[in-house]
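As stored in upload.cif (mmCIF, C-alpha atoms):
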```
data_input
#
loop_
_atom_site.group_PDB
_atom_site.id
_atom_site.type_symbol
_atom_site.label_atom_id
_atom_site.label_comp_id
_atom_site.auth_asym_id
_atom_site.auth_seq_id
_atom_site.Cartn_x
_atom_site.Cartn_y
_atom_site.Cartn_z
ATOM 1 C CA MET A 1 -8.036 -24.887 -3.978
ATOM 2 C CA SER A 2 -5.118 -25.603 -1.674
ATOM 3 C CA ASP A 3 -5.158 -24.179 1.837
ATOM 4 C CA ILE A 4 -1.404 -23.562 1.608
ATOM 5 C CA LEU A 5 -0.942 -19.895 0.785
ATOM 6 C CA PRO A 6 1.691 -18.996 -1.862
ATOM 7 C CA TYR A 7 3.993 -16.896 0.286
ATOM 8 C CA HIS A 8 6.980 -18.033 -1.795
ATOM 9 C CA GLN A 9 5.407 -16.323 -4.821
ATOM 10 C CA SER A 10 4.586 -13.108 -2.946
ATOM 11 C CA LEU A 11 6.360 -9.808 -2.366
ATOM 12 C CA LEU A 12 5.638 -7.264 0.364
ATOM 13 C CA ILE A 13 6.562 -3.670 -0.570
ATOM 14 C CA ILE A 14 7.184 -1.233 2.292
ATOM 15 C CA PRO A 15 8.191 2.388 1.539
ATOM 16 C CA THR A 16 10.169 4.031 4.327
ATOM 17 C CA TYR A 17 11.349 7.452 5.375
ATOM 18 C CA ASN A 18 12.762 7.876 8.892
ATOM 19 C CA GLU A 19 11.317 4.632 10.262
ATOM 20 C CA ILE A 20 14.267 3.758 12.506
ATOM 21 C CA GLU A 21 11.876 3.216 15.422
ATOM 22 C CA ASN A 22 9.819 0.646 13.525
ATOM 23 C CA ILE A 23 11.910 -1.076 10.859
ATOM 24 C CA ASP A 24 13.751 -3.539 13.118
ATOM 25 C CA LEU A 25 10.580 -4.755 14.813
ATOM 26 C CA MET A 26 8.649 -4.830 11.526
ATOM 27 C CA LEU A 27 11.213 -6.978 9.712
ATOM 28 C CA THR A 28 11.581 -9.241 12.741
ATOM 29 C CA SER A 29 7.811 -9.726 12.966
ATOM 30 C CA ILE A 30 7.248 -10.446 9.278
ATOM 31 C CA THR A 31 10.190 -12.824 8.845
ATOM 32 C CA HIS A 32 9.062 -14.736 11.929
ATOM 33 C CA LEU A 33 5.434 -15.007 10.793
ATOM 34 C CA TYR A 34 6.084 -15.632 7.087
ATOM 35 C CA PRO A 35 9.616 -16.938 6.460
ATOM 36 C CA GLU A 36 8.865 -17.633 2.765
ATOM 37 C CA LEU A 37 7.558 -14.110 2.044
ATOM 38 C CA SER A 38 9.909 -11.756 0.188
ATOM 39 C CA ILE A 39 10.148 -8.164 1.440
ATOM 40 C CA LEU A 40 11.206 -5.102 -0.543
ATOM 41 C CA ILE A 41 12.023 -1.940 1.400
ATOM 42 C CA ILE A 42 12.109 1.248 -0.668
ATOM 43 C CA ASP A 43 13.905 3.885 1.364
ATOM 44 C CA ASP A 44 13.972 7.530 0.317
ATOM 45 C CA GLY A 45 17.332 8.445 1.794
ATOM 46 C CA SER A 46 16.238 8.344 5.433
ATOM 47 C CA PRO A 47 18.750 10.413 7.414
ATOM 48 C CA ASP A 48 17.961 8.415 10.565
ATOM 49 C CA GLY A 49 19.668 5.254 9.249
ATOM 50 C CA THR A 50 16.629 3.150 8.326
ATOM 51 C CA ALA A 51 18.469 1.632 5.346
ATOM 52 C CA ARG A 52 21.412 0.566 7.524
ATOM 53 C CA VAL A 53 19.084 -1.551 9.647
ATOM 54 C CA VAL A 54 17.621 -3.167 6.535
ATOM 55 C CA LYS A 55 21.108 -4.050 5.281
ATOM 56 C CA LYS A 56 21.874 -5.837 8.554
ATOM 57 C CA PHE A 57 18.817 -8.027 8.014
ATOM 58 C CA MET A 58 19.871 -8.642 4.412
ATOM 59 C CA ASP A 59 23.144 -10.129 5.656
ATOM 60 C CA ASN A 60 21.139 -12.985 7.184
ATOM 61 C CA SER A 61 18.211 -13.348 4.781
ATOM 62 C CA CYS A 62 17.898 -13.710 1.012
ATOM 63 C CA LYS A 63 14.197 -12.768 1.317
ATOM 64 C CA ILE A 64 14.842 -9.119 2.246
ATOM 65 C CA HIS A 65 15.673 -6.590 -0.450
ATOM 66 C CA LEU A 66 16.349 -2.850 -0.508
ATOM 67 C CA ILE A 67 16.044 -0.045 -3.028
ATOM 68 C CA GLU A 68 17.786 3.115 -1.823
ATOM 69 C CA ARG A 69 16.711 6.389 -3.421
ATOM 70 C CA GLU A 70 18.059 9.889 -2.975
ATOM 71 C CA GLY A 71 15.732 12.229 -1.102
ATOM 72 C CA LYS A 72 11.970 12.102 -0.626
ATOM 73 C CA GLN A 73 10.553 11.176 -4.024
ATOM 74 C CA GLY A 74 7.050 10.386 -2.855
ATOM 75 C CA LEU A 75 4.855 7.448 -1.963
ATOM 76 C CA ALA A 76 3.523 6.930 -5.484
ATOM 77 C CA SER A 77 6.925 6.669 -7.148
ATOM 78 C CA ALA A 78 8.078 4.295 -4.412
ATOM 79 C CA TYR A 79 5.226 1.886 -5.039
ATOM 80 C CA ILE A 80 5.582 2.134 -8.800
ATOM 81 C CA ALA A 81 9.293 1.325 -8.485
ATOM 82 C CA GLY A 82 8.340 -1.626 -6.313
ATOM 83 C CA PHE A 83 5.691 -2.839 -8.754
ATOM 84 C CA ARG A 84 8.163 -2.746 -11.627
ATOM 85 C CA TRP A 85 10.732 -4.592 -9.520
ATOM 86 C CA ALA A 86 8.135 -7.267 -8.692
ATOM 87 C CA ILE A 87 7.073 -7.742 -12.313
ATOM 88 C CA GLU A 88 10.676 -8.156 -13.453
ATOM 89 C CA ARG A 89 11.149 -10.936 -10.888
ATOM 90 C CA GLU A 90 7.849 -12.684 -11.662
ATOM 91 C CA TYR A 91 6.149 -12.467 -8.276
ATOM 92 C CA LEU A 92 2.478 -13.441 -8.536
ATOM 93 C CA PHE A 93 1.121 -11.523 -5.533
ATOM 94 C CA ILE A 94 2.307 -8.068 -4.464
ATOM 95 C CA PHE A 95 1.442 -6.398 -1.164
ATOM 96 C CA GLN A 96 1.503 -2.754 -0.080
ATOM 97 C CA MET A 97 1.936 -2.041 3.621
ATOM 98 C CA ASP A 98 3.076 0.789 5.899
ATOM 99 C CA CYS A 99 6.065 0.372 8.191
ATOM 100 C CA ASP A 100 4.549 1.941 11.311
ATOM 101 C CA PHE A 101 2.373 -1.031 12.405
ATOM 102 C CA SER A 102 -0.821 0.813 11.539
ATOM 103 C CA HIS A 103 -1.277 -2.239 9.309
ATOM 104 C CA ASP A 104 -1.121 -5.471 11.301
ATOM 105 C CA PRO A 105 1.156 -8.073 9.651
ATOM 106 C CA LYS A 106 -1.209 -10.759 10.955
ATOM 107 C CA ASP A 107 -3.780 -9.638 8.359
ATOM 108 C CA ILE A 108 -1.522 -10.695 5.474
ATOM 109 C CA PRO A 109 -3.069 -14.200 5.148
ATOM 110 C CA ASN A 110 -6.574 -12.741 4.728
ATOM 111 C CA LEU A 111 -5.440 -10.455 1.918
ATOM 112 C CA LEU A 112 -3.491 -13.226 0.187
ATOM 113 C CA THR A 113 -6.437 -15.613 0.414
ATOM 114 C CA GLY A 114 -8.650 -13.049 -1.307
ATOM 115 C CA ALA A 115 -6.072 -12.419 -4.027
ATOM 116 C CA ARG A 116 -6.358 -15.996 -5.241
ATOM 117 C CA SER A 117 -9.818 -15.176 -6.625
ATOM 118 C CA HIS A 118 -9.675 -11.369 -7.094
ATOM 119 C CA ASP A 119 -7.266 -8.938 -8.749
ATOM 120 C CA LEU A 120 -7.117 -6.331 -5.995
ATOM 121 C CA ILE A 121 -7.723 -6.930 -2.307
ATOM 122 C CA ILE A 122 -8.116 -3.872 -0.099
ATOM 123 C CA GLY A 123 -7.644 -4.032 3.650
ATOM 124 C CA SER A 124 -10.654 -2.019 4.790
ATOM 125 C CA ARG A 125 -11.255 -0.207 8.048
ATOM 126 C CA TYR A 126 -14.859 0.601 7.214
ATOM 127 C CA ILE A 127 -16.594 -2.654 6.311
ATOM 128 C CA LYS A 128 -18.088 -5.100 8.808
ATOM 129 C CA GLY A 129 -15.327 -6.438 11.025
ATOM 130 C CA GLY A 130 -12.967 -3.518 10.330
ATOM 131 C CA ARG A 131 -11.800 -1.220 13.123
ATOM 132 C CA VAL A 132 -9.779 1.940 13.741
ATOM 133 C CA ILE A 133 -7.922 2.191 17.054
ATOM 134 C CA ASN A 134 -6.545 5.359 18.676
ATOM 135 C CA TRP A 135 -7.025 7.622 15.668
ATOM 136 C CA PRO A 136 -7.769 11.278 16.479
ATOM 137 C CA ALA A 137 -11.265 12.390 15.466
ATOM 138 C CA TYR A 138 -10.043 14.773 12.746
ATOM 139 C CA ARG A 139 -8.103 11.971 10.988
ATOM 140 C CA LEU A 140 -11.164 9.737 11.056
ATOM 141 C CA PHE A 141 -13.294 12.554 9.647
ATOM 142 C CA LEU A 142 -10.793 13.239 6.843
ATOM 143 C CA SER A 143 -10.709 9.578 5.905
ATOM 144 C CA TYR A 144 -14.508 9.278 5.805
ATOM 145 C CA PHE A 145 -14.777 12.543 3.874
ATOM 146 C CA ALA A 146 -12.212 11.357 1.309
ATOM 147 C CA GLY A 147 -14.267 8.248 0.674
ATOM 148 C CA PHE A 148 -17.520 10.189 0.381
ATOM 149 C CA PHE A 149 -15.992 12.858 -1.866
ATOM 150 C CA THR A 150 -14.448 10.206 -4.128
ATOM 151 C CA LEU A 151 -17.764 8.362 -4.404
ATOM 152 C CA ILE A 152 -19.652 11.547 -5.319
ATOM 153 C CA VAL A 153 -17.093 12.727 -7.889
ATOM 154 C CA THR A 154 -16.010 9.458 -9.484
ATOM 155 C CA GLY A 155 -18.610 6.888 -8.489
ATOM 156 C CA LEU A 156 -15.850 4.662 -7.048
ATOM 157 C CA ASN A 157 -17.826 2.613 -4.547
ATOM 158 C CA ILE A 158 -15.110 1.394 -2.200
ATOM 159 C CA SER A 159 -15.623 1.755 1.549
ATOM 160 C CA ASP A 160 -11.947 2.449 2.307
ATOM 161 C CA VAL A 161 -10.674 4.132 -0.834
ATOM 162 C CA THR A 162 -7.551 5.583 0.838
ATOM 163 C CA SER A 163 -6.373 2.314 2.374
ATOM 164 C CA GLY A 164 -2.688 1.655 1.907
ATOM 165 C CA TYR A 165 -2.951 -2.028 2.841
ATOM 166 C CA LYS A 166 -3.465 -3.927 -0.402
ATOM 167 C CA CYS A 167 -2.632 -7.108 -2.257
ATOM 168 C CA LEU A 168 -2.519 -7.047 -6.061
ATOM 169 C CA THR A 169 -1.967 -9.787 -8.575
ATOM 170 C CA ARG A 170 0.819 -9.755 -11.113
ATOM 171 C CA SER A 171 -1.774 -9.870 -13.916
ATOM 172 C CA VAL A 172 -3.419 -6.584 -12.883
ATOM 173 C CA LEU A 173 -0.087 -4.796 -12.473
ATOM 174 C CA GLN A 174 1.002 -5.873 -15.934
ATOM 175 C CA GLU A 175 -2.049 -4.139 -17.412
ATOM 176 C CA LEU A 176 -1.392 -0.778 -15.739
ATOM 177 C CA ASN A 177 0.432 2.052 -17.507
ATOM 178 C CA PHE A 178 2.582 3.343 -14.664
ATOM 179 C CA ASP A 179 3.731 6.313 -16.748
ATOM 180 C CA SER A 180 0.141 7.608 -16.758
ATOM 181 C CA PHE A 181 -0.066 7.973 -12.957
ATOM 182 C CA PHE A 182 0.015 11.578 -11.781
ATOM 183 C CA SER A 183 -0.513 11.258 -8.018
ATOM 184 C CA LYS A 184 2.513 11.815 -5.793
ATOM 185 C CA GLY A 185 1.262 11.146 -2.273
ATOM 186 C CA TYR A 186 -1.576 9.277 -0.575
ATOM 187 C CA SER A 187 -3.988 10.021 -3.427
ATOM 188 C CA PHE A 188 -2.042 7.353 -5.300
ATOM 189 C CA GLN A 189 -4.171 4.815 -3.428
ATOM 190 C CA ILE A 190 -7.333 6.329 -4.905
ATOM 191 C CA GLU A 191 -5.872 6.575 -8.408
ATOM 192 C CA LEU A 192 -4.664 2.973 -8.280
ATOM 193 C CA ALA A 193 -8.049 1.587 -7.221
ATOM 194 C CA TYR A 194 -9.923 3.768 -9.716
ATOM 195 C CA LYS A 195 -7.810 2.682 -12.683
ATOM 196 C CA ILE A 196 -8.065 -0.968 -11.708
ATOM 197 C CA MET A 197 -11.845 -0.875 -11.362
ATOM 198 C CA ASN A 198 -12.227 1.032 -14.641
ATOM 199 C CA ASN A 199 -10.407 -1.822 -16.358
ATOM 200 C CA ASN A 200 -13.040 -4.242 -15.027
ATOM 201 C CA PHE A 201 -10.743 -6.180 -12.729
ATOM 202 C CA LYS A 202 -12.215 -7.932 -9.701
ATOM 203 C CA VAL A 203 -11.869 -5.944 -6.467
ATOM 204 C CA LYS A 204 -12.696 -7.078 -2.935
ATOM 205 C CA GLU A 205 -12.412 -5.502 0.511
ATOM 206 C CA VAL A 206 -11.500 -7.523 3.583
ATOM 207 C CA PRO A 207 -11.706 -6.188 7.153
ATOM 208 C CA ILE A 208 -8.597 -5.051 8.995
ATOM 209 C CA THR A 209 -7.879 -3.414 12.333
ATOM 210 C CA PHE A 210 -6.021 -0.153 11.801
ATOM 211 C CA HIS A 211 -3.830 1.147 14.645
ATOM 212 C CA GLU A 212 -2.586 4.708 14.948
ATOM 213 C CA ARG A 213 1.211 4.661 14.931
ATOM 214 C CA SER A 214 2.807 4.636 18.400
ATOM 215 C CA ARG A 215 6.408 5.249 17.253
ATOM 216 C CA GLY A 216 7.769 7.749 14.766
ATOM 217 C CA LYS A 217 6.158 10.729 13.070
ATOM 218 C CA SER A 218 3.163 10.707 10.731
ATOM 219 C CA LYS A 219 3.797 11.901 7.146
ATOM 220 C CA MET A 220 0.270 13.362 6.770
ATOM 221 C CA SER A 221 0.055 17.074 5.936
ATOM 222 C CA SER A 222 -2.367 19.662 4.570
ATOM 223 C CA LYS A 223 -0.508 19.535 1.232
ATOM 224 C CA ILE A 224 -1.238 15.809 0.940
ATOM 225 C CA ILE A 225 -4.924 16.372 1.690
ATOM 226 C CA TYR A 226 -5.176 19.154 -0.903
ATOM 227 C CA GLU A 227 -3.477 16.984 -3.526
ATOM 228 C CA ALA A 228 -5.940 14.174 -2.876
ATOM 229 C CA LEU A 229 -8.994 16.399 -3.388
ATOM 230 C CA ILE A 230 -7.607 17.887 -6.603
ATOM 231 C CA ASN A 231 -6.578 14.511 -7.982
ATOM 232 C CA VAL A 232 -10.005 12.989 -7.427
ATOM 233 C CA VAL A 233 -11.435 15.680 -9.714
ATOM 234 C CA ARG A 234 -8.618 15.084 -12.220
ATOM 235 C CA LEU A 235 -9.455 11.375 -12.296
ATOM 236 C CA ARG A 236 -13.074 12.101 -13.151
ATOM 237 C CA LEU A 237 -12.130 14.586 -15.869
ATOM 238 C CA LYS A 238 -9.693 12.128 -17.399
ATOM 239 C CA LYS A 239 -12.373 9.457 -17.383
ATOM 240 C CA ILE A 240 -14.805 11.806 -19.177
ATOM 241 C CA SER A 241 -12.184 12.831 -21.733
ATOM 242 C CA GLY A 242 -11.042 9.269 -22.358
ATOM 243 C CA THR A 243 -7.476 9.926 -21.223
ATOM 244 C CA LEU A 244 -7.557 7.940 -17.975
#
```

Could I get this structure in the form of structure tokens?
Amino acid sequence: MSDILPYHQSLLIIPTYNEIENIDLMLTSITHLYPELSILIIDDGSPDGTARVVKKFMDNSCKIHLIEREGKQGLASAYIAGFRWAIEREYLFIFQMDCDFSHDPKDIPNLLTGARSHDLIIGSRYIKGGRVINWPAYRLFLSYFAGFFTLIVTGLNISDVTSGYKCLTRSVLQELNFDSFFSKGYSFQIELAYKIMNNNFKVKEVPITFHERSRGKSKMSSKIIYEALINVVRLRLKKISGTL
């Protein structure tokens, strides 16, 4: 197997909402590190001008793309729109990543390496070598609890089930029925992993260092947490009823 990673066949999807403090530095960092990697920004009508910054980068790079949507339509619909966009353009490897530098762009090669032999690679904070930096204790507790609750209810044995740093292959995305997804927010990450594993695709976790955002405002809320707990139960019920 060649040691040259297929960045030219890969797409990085980044949903944004009011990321004016991060988007310039993020795009600069990624294009410098991986000039062959395509980037798709999906912006939900950010009033702070995030999309305008992306368009300036697009003037100088054919690797940067933008989908502008009206209003906050949710994380799940953003990724699904990105997945469909990627499939139509025949990318072989598709990344998910946040815009706030909680996910280190330097971990991209590790995820892409894993995706050459597995269908879903999850950047994990909670396996050997993974770390969480500057996260408040309550956020760490919620993340651990989400993983434990998901394991108990569904049997999904993934250490970092809520991770939003992933690399998926085109083949696994083509097998998913996007119209069947019901999650709107962060629970989409759980639903995505659960449906992939229940279709017997190969899943692997690789360690990442997760940094609490230093610029901009977190999108986490009690509503998102409640949705995640409810949707974990819904996933199990759909599995039992054969409607997953």

Q: Report as a ChimeraX atom specification the residues that result from applying the PyMOL selection byres ((chain A and resi 89-93) around 8) to the structure here.
A: /A:9-11,85-88,94-95,112,115,167-171

Q.
Could you tell me how far atom CA of A:Ala146 sits from atom CA of A:Gly82, in Å to one decimal place?
A.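 Separation between atom CA of A:Gly82 and atom CA of A:Ala146: 25.5 Å.
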
Q: Find the spatial neighbours of stretch 204-214 of chain A, counting all atoms listed in the file, within a cut-off of 9 Å - ignore same-chain residues fewer than 6 positions away - and output them as an NGL selection string.
A: :A and (100-104 or 107 or 110-111 or 114-115 or 118-136 or 158-160 or 165)

(Q) Report, in Å to a single decimal, how far apart atom CA of A:Val53 and atom CA of A:Gly71 are. (A)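 Computed distance, atom CA of A:Gly71 to atom CA of A:Val53, equals 17.8 Å.
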
Q | Selection: 9 Å around stretch 147-155 of chain A, all atoms listed in the file, excl. self and same-chain fewer than 4 positions, as a VMD selection string | A | chain A and resid 142 to 143 159 to 162 190 194 229 232 to 233 235 to 236 239

For the residues in that selection, give me C-alpha atoms as a PDB file, keeping the file's coordinate frame.
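The resulting file, out.pdb, is shown below:
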```pdb
ATOM      1  CA  LEU A 142     -10.793  13.239   6.843  1.00  0.00           C
ATOM      2  CA  SER A 143     -10.709   9.578   5.905  1.00  0.00           C
ATOM      3  CA  SER A 159     -15.623   1.755   1.549  1.00  0.00           C
ATOM      4  CA  ASP A 160     -11.947   2.449   2.307  1.00  0.00           C
ATOM      5  CA  VAL A 161     -10.674   4.132  -0.834  1.00  0.00           C
ATOM      6  CA  THR A 162      -7.551   5.583   0.838  1.00  0.00           C
ATOM      7  CA  ILE A 190      -7.333   6.329  -4.905  1.00  0.00           C
ATOM      8  CA  TYR A 194      -9.923   3.768  -9.716  1.00  0.00           C
ATOM      9  CA  LEU A 229      -8.994  16.399  -3.388  1.00  0.00           C
ATOM     10  CA  VAL A 232     -10.005  12.989  -7.427  1.00  0.00           C
ATOM     11  CA  VAL A 233     -11.435  15.680  -9.714  1.00  0.00           C
ATOM     12  CA  LEU A 235      -9.455  11.375 -12.296  1.00  0.00           C
ATOM     13  CA  ARG A 236     -13.074  12.101 -13.151  1.00  0.00           C
ATOM     14  CA  LYS A 239     -12.373   9.457 -17.383  1.00  0.00           C
TER      15      LYS A 239
END
```

Complete the atoms of stretch 162-178 of chain A to N, CA and C atoms and put them out as an mmCIF file, keeping the file's coordinate frame.
```
data_model
loop_
_atom_site.group_PDB
_atom_site.id
_atom_site.type_symbol
_atom_site.label_atom_id
_atom_site.label_comp_id
_atom_site.auth_asym_id
_atom_site.auth_seq_id
_atom_site.Cartn_x
_atom_site.Cartn_y
_atom_site.Cartn_z
ATOM 1 N N THR A 162 -8.910 5.094 0.578
ATOM 2 C CA THR A 162 -7.551 5.583 0.838
ATOM 3 C C THR A 162 -6.672 4.544 1.539
ATOM 4 N N SER A 163 -7.160 3.339 1.698
ATOM 5 C CA SER A 163 -6.373 2.314 2.374
ATOM 6 C C SER A 163 -5.050 2.059 1.673
ATOM 7 N N GLY A 164 -3.991 1.967 2.458
ATOM 8 C CA GLY A 164 -2.688 1.655 1.907
ATOM 9 C C GLY A 164 -2.279 0.210 2.114
ATOM 10 N N TYR A 165 -3.214 -0.594 2.607
ATOM 11 C CA TYR A 165 -2.951 -2.028 2.841
ATOM 12 C C TYR A 165 -3.654 -2.801 1.740
ATOM 13 N N LYS A 166 -2.889 -3.289 0.774
ATOM 14 C CA LYS A 166 -3.465 -3.927 -0.402
ATOM 15 C C LYS A 166 -2.655 -5.158 -0.806
ATOM 16 N N CYS A 167 -3.313 -6.029 -1.566
ATOM 17 C CA CYS A 167 -2.632 -7.108 -2.257
ATOM 18 C C CYS A 167 -3.127 -7.112 -3.694
ATOM 19 N N LEU A 168 -2.200 -7.077 -4.642
ATOM 20 C CA LEU A 168 -2.519 -7.047 -6.061
ATOM 21 C C LEU A 168 -1.896 -8.249 -6.750
ATOM 22 N N THR A 169 -2.527 -8.694 -7.810
ATOM 23 C CA THR A 169 -1.967 -9.787 -8.575
ATOM 24 C C THR A 169 -1.013 -9.256 -9.644
ATOM 25 N N ARG A 170 -0.114 -10.105 -10.048
ATOM 26 C CA ARG A 170 0.819 -9.755 -11.113
ATOM 27 C C ARG A 170 0.063 -9.376 -12.387
ATOM 28 N N SER A 171 -1.029 -10.095 -12.682
ATOM 29 C CA SER A 171 -1.774 -9.870 -13.916
ATOM 30 C C SER A 171 -2.356 -8.467 -13.982
ATOM 31 N N VAL A 172 -2.853 -7.934 -12.862
ATOM 32 C CA VAL A 172 -3.419 -6.584 -12.883
ATOM 33 C C VAL A 172 -2.317 -5.539 -13.011
ATOM 34 N N LEU A 173 -1.188 -5.760 -12.382
ATOM 35 C CA LEU A 173 -0.087 -4.796 -12.473
ATOM 36 C C LEU A 173 0.472 -4.727 -13.895
ATOM 37 N N GLN A 174 0.482 -5.856 -14.575
ATOM 38 C CA GLN A 174 1.002 -5.873 -15.934
ATOM 39 C C GLN A 174 0.129 -5.079 -16.905
ATOM 40 N N GLU A 175 -1.129 -4.862 -16.542
ATOM 41 C CA GLU A 175 -2.049 -4.139 -17.412
ATOM 42 C C GLU A 175 -2.043 -2.633 -17.161
ATOM 43 N N LEU A 176 -1.394 -2.193 -16.083
ATOM 44 C CA LEU A 176 -1.392 -0.778 -15.739
ATOM 45 C C LEU A 176 -0.265 -0.036 -16.468
ATOM 46 N N ASN A 177 -0.582 1.177 -16.918
ATOM 47 C CA ASN A 177 0.432 2.052 -17.507
ATOM 48 C C ASN A 177 0.963 2.964 -16.400
ATOM 49 N N PHE A 178 2.062 2.588 -15.802
ATOM 50 C CA PHE A 178 2.582 3.343 -14.664
ATOM 51 C C PHE A 178 2.981 4.765 -15.051
#
```
